[in-house]
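Structure file input03.tsv with TSV, C-alpha atoms:
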```
chain	number	residue	atom	x	y	z
A	1	MET	CA	8.68	-15.71	-9.86
A	2	THR	CA	7.85	-16.15	-6.18
A	3	GLU	CA	6.57	-19.51	-5.05
A	4	PRO	CA	2.80	-19.63	-4.45
A	5	ILE	CA	1.72	-19.57	-0.80
A	6	VAL	CA	-0.57	-22.43	0.20
A	7	ILE	CA	-2.76	-22.16	3.29
A	8	ASN	CA	-4.63	-25.24	4.44
A	9	ILE	CA	-8.11	-24.39	5.67
A	10	ASN	CA	-9.20	-26.73	8.45
A	11	ASN	CA	-10.65	-24.38	11.06
A	12	GLU	CA	-11.83	-20.81	11.52
A	13	PHE	CA	-8.38	-19.55	12.55
A	14	ASP	CA	-7.02	-20.64	9.16
A	15	ILE	CA	-9.49	-18.15	7.62
A	16	VAL	CA	-7.70	-15.34	9.50
A	17	LEU	CA	-4.30	-16.72	8.45
A	18	ALA	CA	-5.33	-16.83	4.78
A	19	ARG	CA	-6.50	-13.23	4.76
A	20	GLN	CA	-3.36	-12.05	6.61
A	21	LYS	CA	-1.21	-13.69	3.92
A	22	GLY	CA	-3.40	-12.07	1.26
A	23	ARG	CA	-2.93	-8.68	2.91
A	24	GLU	CA	0.89	-9.18	3.02
A	25	VAL	CA	1.11	-10.14	-0.65
A	26	SER	CA	-1.17	-7.31	-1.79
A	27	LYS	CA	0.94	-4.81	0.16
A	28	GLU	CA	4.05	-6.24	-1.47
A	29	LEU	CA	2.44	-5.74	-4.88
A	30	LEU	CA	1.69	-2.11	-3.95
A	31	PHE	CA	-2.08	-2.42	-4.16
A	32	GLY	CA	-3.87	0.64	-2.72
A	33	GLY	CA	-5.72	0.44	0.60
A	34	VAL	CA	-9.15	-0.14	-0.94
A	35	ASP	CA	-7.88	-2.94	-3.20
A	36	GLN	CA	-6.09	-4.51	-0.22
A	37	ALA	CA	-9.42	-4.55	1.62
A	38	ARG	CA	-11.18	-6.03	-1.44
A	39	ILE	CA	-8.57	-8.79	-1.78
A	40	THR	CA	-8.51	-9.70	1.92
A	41	THR	CA	-12.30	-9.70	2.08
A	42	ALA	CA	-12.57	-11.92	-1.02
A	43	ILE	CA	-10.07	-14.38	0.49
A	44	SER	CA	-11.98	-14.40	3.77
A	45	GLU	CA	-15.24	-15.23	1.96
A	46	LEU	CA	-13.72	-18.04	-0.10
A	47	ALA	CA	-11.90	-19.51	2.90
A	48	ARG	CA	-15.13	-19.42	4.89
A	49	ASN	CA	-17.02	-21.14	2.08
A	50	ILE	CA	-14.43	-23.96	2.17
A	51	TYR	CA	-14.77	-24.26	5.94
A	52	LEU	CA	-18.60	-24.15	5.88
A	53	TYR	CA	-19.37	-26.35	2.89
A	54	ALA	CA	-16.39	-28.69	2.46
A	55	GLY	CA	-14.87	-28.78	5.96
A	56	SER	CA	-11.36	-28.42	4.61
A	57	GLY	CA	-9.44	-27.33	1.54
A	58	GLN	CA	-6.70	-24.99	0.38
A	59	ILE	CA	-6.22	-21.35	-0.46
A	60	THR	CA	-3.32	-20.74	-2.83
A	61	ILE	CA	-2.02	-17.21	-3.32
A	62	SER	CA	0.26	-16.50	-6.28
A	63	ILE	CA	1.73	-13.49	-8.02
A	64	LEU	CA	0.85	-12.85	-11.67
A	65	GLU	CA	3.19	-11.09	-14.09
A	66	ASP	CA	2.33	-9.89	-17.57
A	67	ASN	CA	4.45	-7.40	-19.51
A	68	GLY	CA	5.60	-5.57	-16.40
A	69	ARG	CA	2.11	-5.59	-14.87
A	70	ARG	CA	1.70	-7.46	-11.63
A	71	GLY	CA	-1.35	-8.97	-10.03
A	72	ILE	CA	-2.54	-11.40	-7.41
A	73	GLN	CA	-4.29	-14.68	-8.04
A	74	ILE	CA	-6.14	-16.62	-5.36
A	75	SER	CA	-7.35	-20.10	-5.86
A	76	ALA	CA	-9.70	-21.80	-3.38
A	77	SER	CA	-10.09	-25.52	-3.79
A	78	ASP	CA	-11.79	-28.26	-1.85
A	79	ASN	CA	-12.99	-31.84	-2.23
A	80	GLY	CA	-16.40	-31.03	-0.83
A	81	PRO	CA	-19.90	-31.67	-2.17
A	82	GLY	CA	-19.44	-29.40	-5.19
A	83	ILE	CA	-22.05	-27.07	-6.65
A	84	SER	CA	-24.79	-28.60	-8.76
A	85	ASP	CA	-26.21	-25.37	-10.15
A	86	ILE	CA	-23.44	-22.82	-10.69
A	87	ARG	CA	-25.81	-20.35	-12.37
A	88	MET	CA	-27.93	-20.25	-9.21
A	89	VAL	CA	-25.04	-19.57	-6.76
A	90	LEU	CA	-23.93	-16.69	-8.96
A	91	GLN	CA	-27.27	-14.93	-8.45
A	92	ASP	CA	-27.38	-12.15	-5.87
A	93	GLY	CA	-29.19	-13.11	-2.71
A	94	PHE	CA	-28.80	-16.85	-3.12
A	95	SER	CA	-27.66	-18.63	0.04
A	96	THR	CA	-27.78	-22.12	1.44
A	97	SER	CA	-26.29	-21.17	4.79
A	98	GLY	CA	-28.79	-18.61	6.08
A	99	GLY	CA	-26.56	-15.66	5.36
A	100	LEU	CA	-23.30	-17.03	6.71
A	101	GLY	CA	-20.56	-16.67	4.15
A	102	ALA	CA	-21.07	-14.17	1.38
A	103	GLY	CA	-22.55	-14.96	-1.86
A	104	LEU	CA	-20.15	-15.58	-4.68
A	105	PRO	CA	-21.56	-12.59	-6.66
A	106	GLY	CA	-20.11	-10.32	-3.97
A	107	VAL	CA	-16.68	-11.93	-4.29
A	108	LYS	CA	-16.91	-11.56	-8.07
A	109	ARG	CA	-17.61	-7.82	-7.74
A	110	LEU	CA	-14.55	-7.34	-5.50
A	111	MET	CA	-12.13	-8.83	-8.03
A	112	ASP	CA	-11.16	-8.41	-11.72
A	113	THR	CA	-11.62	-12.04	-12.76
A	114	PHE	CA	-13.66	-14.89	-11.31
A	115	ASP	CA	-13.67	-18.50	-12.51
A	116	ILE	CA	-15.47	-21.42	-11.00
A	117	ASP	CA	-14.97	-25.08	-11.69
A	118	SER	CA	-17.12	-27.52	-9.75
A	119	VAL	CA	-17.99	-31.18	-10.06
A	120	PRO	CA	-20.87	-32.39	-7.87
A	121	GLY	CA	-19.52	-34.95	-5.42
A	122	ALA	CA	-15.90	-34.20	-6.27
A	123	GLY	CA	-15.21	-30.64	-5.23
A	124	THR	CA	-14.93	-27.01	-6.22
A	125	THR	CA	-12.12	-24.72	-7.35
A	126	ILE	CA	-12.68	-20.99	-7.53
A	127	THR	CA	-9.94	-18.81	-8.99
A	128	ILE	CA	-10.00	-15.03	-8.66
A	129	SER	CA	-7.49	-12.38	-9.59
A	130	LYS	CA	-6.84	-8.66	-9.49
A	131	TRP	CA	-4.22	-6.56	-11.28
A	132	ALA	CA	-2.36	-3.75	-9.56
A	133	ARG	CA	-3.05	-0.40	-11.21
B	1	MET	CA	-8.91	-13.28	22.77
B	2	ARG	CA	-11.40	-10.87	24.38
B	3	ILE	CA	-12.37	-7.41	23.26
B	4	PRO	CA	-12.36	-4.96	26.22
B	5	ILE	CA	-15.68	-3.24	26.99
B	6	LEU	CA	-15.34	0.01	28.95
B	7	LYS	CA	-18.06	1.75	30.94
B	8	LEU	CA	-18.32	5.54	30.97
B	9	LYS	CA	-21.32	6.94	32.84
B	10	ASP	CA	-24.42	5.46	31.13
B	11	TYR	CA	-22.48	4.22	28.11
B	12	LEU	CA	-20.40	1.24	27.14
B	13	LEU	CA	-17.48	1.96	24.83
B	14	VAL	CA	-15.84	-0.65	22.65
B	15	SER	CA	-12.88	-0.05	20.37
B	16	ILE	CA	-12.07	-3.06	18.23
B	17	GLN	CA	-8.30	-3.15	17.69
B	18	VAL	CA	-7.61	-6.82	17.05
B	19	GLU	CA	-7.81	-8.99	13.96
B	20	LEU	CA	-11.30	-10.46	14.27
B	21	ASP	CA	-11.59	-14.22	14.06
B	22	ASP	CA	-15.01	-15.89	14.26
B	23	GLN	CA	-14.64	-16.97	17.88
B	24	THR	CA	-13.50	-13.54	19.09
B	25	VAL	CA	-16.44	-11.80	17.45
B	26	LEU	CA	-18.96	-14.33	18.83
B	27	THR	CA	-17.46	-14.06	22.32
B	28	PHE	CA	-17.71	-10.28	22.02
B	29	GLN	CA	-21.40	-10.57	21.15
B	30	GLU	CA	-22.08	-12.49	24.34
B	31	ASP	CA	-19.75	-10.37	26.51
B	32	LEU	CA	-21.42	-7.15	25.37
B	33	LEU	CA	-24.96	-8.35	26.12
B	34	ASN	CA	-23.90	-9.59	29.56
B	35	LYS	CA	-22.13	-6.31	30.27
B	36	ILE	CA	-25.28	-4.38	29.28
B	37	LYS	CA	-27.30	-6.43	31.75
B	38	ASP	CA	-24.75	-6.13	34.57
B	39	SER	CA	-24.04	-2.42	34.10
B	40	GLY	CA	-27.52	-1.16	33.20
B	41	ALA	CA	-25.94	0.87	30.38
B	42	LYS	CA	-28.34	2.88	28.23
B	43	GLY	CA	-26.14	3.16	25.16
B	44	VAL	CA	-23.25	1.43	23.40
B	45	VAL	CA	-20.68	2.74	20.93
B	46	ILE	CA	-18.70	0.19	18.92
B	47	ASP	CA	-15.75	1.93	17.27
B	48	LEU	CA	-14.29	0.31	14.15
B	49	THR	CA	-11.58	2.89	13.35
B	50	SER	CA	-8.80	0.30	13.53
B	51	VAL	CA	-10.66	-2.39	11.60
B	52	ASP	CA	-9.31	-2.71	8.05
B	53	MET	CA	-11.55	-5.52	6.82
B	54	ILE	CA	-15.11	-6.63	7.52
B	55	ASP	CA	-16.29	-9.77	5.77
B	56	SER	CA	-19.87	-11.01	5.58
B	57	PHE	CA	-19.58	-13.06	8.76
B	58	ILE	CA	-18.21	-10.23	10.91
B	59	ALA	CA	-20.82	-7.88	9.39
B	60	LYS	CA	-23.61	-10.31	10.23
B	61	VAL	CA	-22.48	-10.75	13.84
B	62	LEU	CA	-22.07	-6.98	14.33
B	63	GLY	CA	-25.48	-6.31	12.76
B	64	ASP	CA	-27.02	-9.01	14.95
B	65	VAL	CA	-25.44	-7.69	18.15
B	66	ILE	CA	-26.95	-4.28	17.44
B	67	VAL	CA	-30.43	-5.78	17.02
B	68	MET	CA	-29.84	-7.80	20.22
B	69	THR	CA	-28.85	-4.70	22.21
B	70	SER	CA	-32.02	-3.05	20.94
B	71	LEU	CA	-34.09	-6.05	22.08
B	72	MET	CA	-32.63	-5.48	25.53
B	73	GLY	CA	-33.73	-1.84	25.42
B	74	THR	CA	-30.32	-0.31	24.74
B	75	LYS	CA	-29.22	1.87	21.82
B	76	ALA	CA	-26.06	1.09	19.88
B	77	VAL	CA	-24.05	3.06	17.34
B	78	LEU	CA	-21.26	1.86	15.03
B	79	THR	CA	-18.52	4.42	14.48
B	80	GLY	CA	-15.33	4.89	12.49
B	81	ILE	CA	-16.05	2.62	9.52
B	82	GLN	CA	-13.07	3.22	7.18
B	83	PRO	CA	-13.57	4.20	3.50
B	84	ALA	CA	-12.08	0.90	2.26
B	85	VAL	CA	-14.39	-1.04	4.56
B	86	ALA	CA	-17.48	0.90	3.44
B	87	ILE	CA	-16.59	0.27	-0.22
B	88	THR	CA	-15.99	-3.48	0.20
B	89	LEU	CA	-19.14	-3.97	2.29
B	90	ILE	CA	-21.34	-2.42	-0.41
B	91	GLU	CA	-19.58	-4.29	-3.21
B	92	LEU	CA	-20.11	-7.51	-1.27
B	93	GLY	CA	-23.80	-6.65	-1.08
B	94	ILE	CA	-24.02	-5.93	2.65
B	95	THR	CA	-25.95	-2.81	3.58
B	96	LEU	CA	-26.29	-3.03	7.41
B	97	GLU	CA	-29.71	-1.43	7.29
B	98	ASN	CA	-31.34	-0.02	10.42
B	99	VAL	CA	-27.95	0.40	12.08
B	100	HIS	CA	-27.02	3.79	13.53
B	101	THR	CA	-23.58	4.94	12.44
B	102	ALA	CA	-21.36	7.97	13.02
B	103	LEU	CA	-18.04	9.21	11.68
B	104	ASP	CA	-16.14	8.87	14.93
B	105	LEU	CA	-16.48	8.11	18.63
B	106	GLU	CA	-17.29	11.70	19.54
B	107	GLN	CA	-20.17	11.96	17.03
B	108	GLY	CA	-21.29	8.51	18.10
B	109	ILE	CA	-21.73	9.72	21.67
B	110	THR	CA	-23.66	12.77	20.40
B	111	ILE	CA	-26.01	10.55	18.39
B	112	LEU	CA	-26.52	8.26	21.38
B	113	SER	CA	-27.50	11.14	23.64
B	114	GLN	CA	-29.94	12.39	20.97
B	115	LEU	CA	-31.44	8.91	20.59
B	116	LEU	CA	-31.85	8.56	24.34
B	117	GLU	CA	-33.41	12.00	24.79
B	118	GLY	CA	-35.66	11.79	21.74
```

Can the structure in the file be given as structure tokens, please?
Amino acid sequence: MTEPIVININNEFDIVLARQKGREVSKELLFGGVDQARITTAISELARNIYLYAGSGQITISILEDNGRRGIQISASDNGPGISDIRMVLQDGFSTSGGLGAGLPGVKRLMDTFDIDSVPGAGTTITISKWAR
Amino acid sequence: MRIPILKLKDYLLVSIQVELDDQTVLTFQEDLLNKIKDSGAKGVVIDLTSVDMIDSFIAKVLGDVIVMTSLMGTKAVLTGIQPAVAITLIELGITLENVHTALDLEQGITILSQLLEG
């Protein structure tokens, strides 16, 4: 099992770094070109959300293994303001930033799994994954 | 990092071949509008053949720059959007409406000349 890769998100260049790492790992896992684009885009959106709403946080990229199947898991965590109404942010078209940073429903559509854990005032962790076909 | 903007007759040609960070894409927005003013260009082609990922921020800035060029009286066309990029944009929920697009640079130039004549 390879060690997870942790990227600290403190500025906009870290967003680029996070998606480059995501691209490298998804290539390594032999994801096709379209899935590579989905994964890198999802990472970019989550990293930008951290930067926009929390100021700083971490993206952790790890490799999943299950009975010979391999996948990628990305976890985005921050100690920011948290999300008070999770149901609302999962609705298409909802935005508090005037269209900067994609909605979470878009990220959810790009991936196989999507989990969100948020405590108002304490922070948010979003975990997404995709299995190689 | 700056994205080069080339002038060919009445057109400005841009081929984006770098990994786009927020600052680069915002600088490009400003550079392109200034170049339109200085050159008097009638049309712009922005070629995305080498771009393998467009997230919501880059999409918004590109969409905005096209509306801005139109405010200045210039036509702009996006070309070369890759299949993987088209798929992820739609899945993300970004449709880039009211933006002229073409398969490649050559067809982009054709569309521009039609837009400018019509």

Using all atoms listed in the file, what does the table of chain B residues within 8 Å of chain A look like, with each row giving the shortest atom pair and its distance in Å to one decimal, sorted by chain and ascending number, as a tab-separated table?
```
residue	atom	partner	partner_atom	distance
B:Glu19	CA	A:Val16	CA	7.8
B:Leu20	CA	A:Val16	CA	7.7
B:Asp21	CA	A:Val16	CA	6.1
B:Asp22	CA	A:Glu12	CA	6.5
B:Gln23	CA	A:Glu12	CA	7.9
B:Asp52	CA	A:Ala37	CA	6.7
B:Met53	CA	A:Ala37	CA	5.7
B:Ile54	CA	A:Thr41	CA	6.8
B:Asp55	CA	A:Thr41	CA	5.4
B:Ser56	CA	A:Ala102	CA	5.4
B:Phe57	CA	A:Leu100	CA	5.8
B:Lys60	CA	A:Leu100	CA	7.6
B:Pro83	CA	A:Val34	CA	7.6
B:Ala84	CA	A:Val34	CA	4.5
B:Val85	CA	A:Ala37	CA	6.8
B:Ile87	CA	A:Val34	CA	7.5
B:Thr88	CA	A:Arg38	CA	5.7
B:Glu91	CA	A:Arg109	CA	6.1
B:Leu92	CA	A:Gly106	CA	3.9
B:Gly93	CA	A:Gly106	CA	6.0
```

- Message: What's around segment 2-10 of chain A at 10 Å? Count all atoms listed in the file, leave out sequence neighbours fewer than 4 positions away in its own chain, and write the answer as a count of residues only.
- Response: 30

How big is the axis-aligned box, and where does its centre sit, when it encloses all atoms of segment 12-18 of chain B listed in the file and has 4 Å added on every side, reported in Å to one decimal as lines of an AutoDock Vina configuration file?
```
center_x = -14.0
center_y = -2.4
center_z = 22.1
size_x = 20.8
size_y = 16.8
size_z = 18.1
```

- Task: To one decimal in Å, tell me the separation between atom CA of Met88 of chain A and atom CA of Ser118 of chain A.
- Result: 13.0 Å

- Item | Spatial neighbours of Asp47 of chain B, max dist 7 Å, only C-alpha atoms, sep filter under 5 positions, as JSON, numbers by chain | {"B": [14, 15, 16, 78, 79, 80, 105]}

- Query: atom CA of His100 of chain B and atom CA of Met72 of chain B are how many Å apart?
  - Reply: 16.2 Å

Given the point (-24.9, -2.1, 35.0) in the coordinates of this file, which residues lie within 10 Å, counting all atoms listed in the file, and how would they look as a PDB file with C-alpha atoms, in the coordinates of the input?
```pdb
ATOM      1  CA  LYS B   7     -18.060   1.750  30.940  1.00  0.00           C
ATOM      2  CA  LYS B   9     -21.320   6.940  32.840  1.00  0.00           C
ATOM      3  CA  ASP B  10     -24.420   5.460  31.130  1.00  0.00           C
ATOM      4  CA  TYR B  11     -22.480   4.220  28.110  1.00  0.00           C
ATOM      5  CA  LEU B  12     -20.400   1.240  27.140  1.00  0.00           C
ATOM      6  CA  ASN B  34     -23.900  -9.590  29.560  1.00  0.00           C
ATOM      7  CA  LYS B  35     -22.130  -6.310  30.270  1.00  0.00           C
ATOM      8  CA  ILE B  36     -25.280  -4.380  29.280  1.00  0.00           C
ATOM      9  CA  LYS B  37     -27.300  -6.430  31.750  1.00  0.00           C
ATOM     10  CA  ASP B  38     -24.750  -6.130  34.570  1.00  0.00           C
ATOM     11  CA  SER B  39     -24.040  -2.420  34.100  1.00  0.00           C
ATOM     12  CA  GLY B  40     -27.520  -1.160  33.200  1.00  0.00           C
ATOM     13  CA  ALA B  41     -25.940   0.870  30.380  1.00  0.00           C
ATOM     14  CA  LYS B  42     -28.340   2.880  28.230  1.00  0.00           C
TER      15      LYS B  42
END
```

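Across the model, the gap from atom CA of Gln114 of chain B to atom CA of Leu48 of chain B is 20.9 Å.
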
List the spatial neighbours of Thr27 of chain B as a PDB file with C-alpha atoms, in the frame of the given file - criterion: any atom at most 10 Å away, only C-alpha atoms, same-chain residues fewer than 4 positions off excluded.
```pdb
ATOM      1  CA  MET B   1      -8.910 -13.280  22.770  1.00  0.00           C
ATOM      2  CA  ARG B   2     -11.400 -10.870  24.380  1.00  0.00           C
ATOM      3  CA  ILE B   3     -12.370  -7.410  23.260  1.00  0.00           C
ATOM      4  CA  ASP B  22     -15.010 -15.890  14.260  1.00  0.00           C
ATOM      5  CA  GLN B  23     -14.640 -16.970  17.880  1.00  0.00           C
ATOM      6  CA  ASP B  31     -19.750 -10.370  26.510  1.00  0.00           C
ATOM      7  CA  LEU B  32     -21.420  -7.150  25.370  1.00  0.00           C
TER       8      LEU B  32
END
```
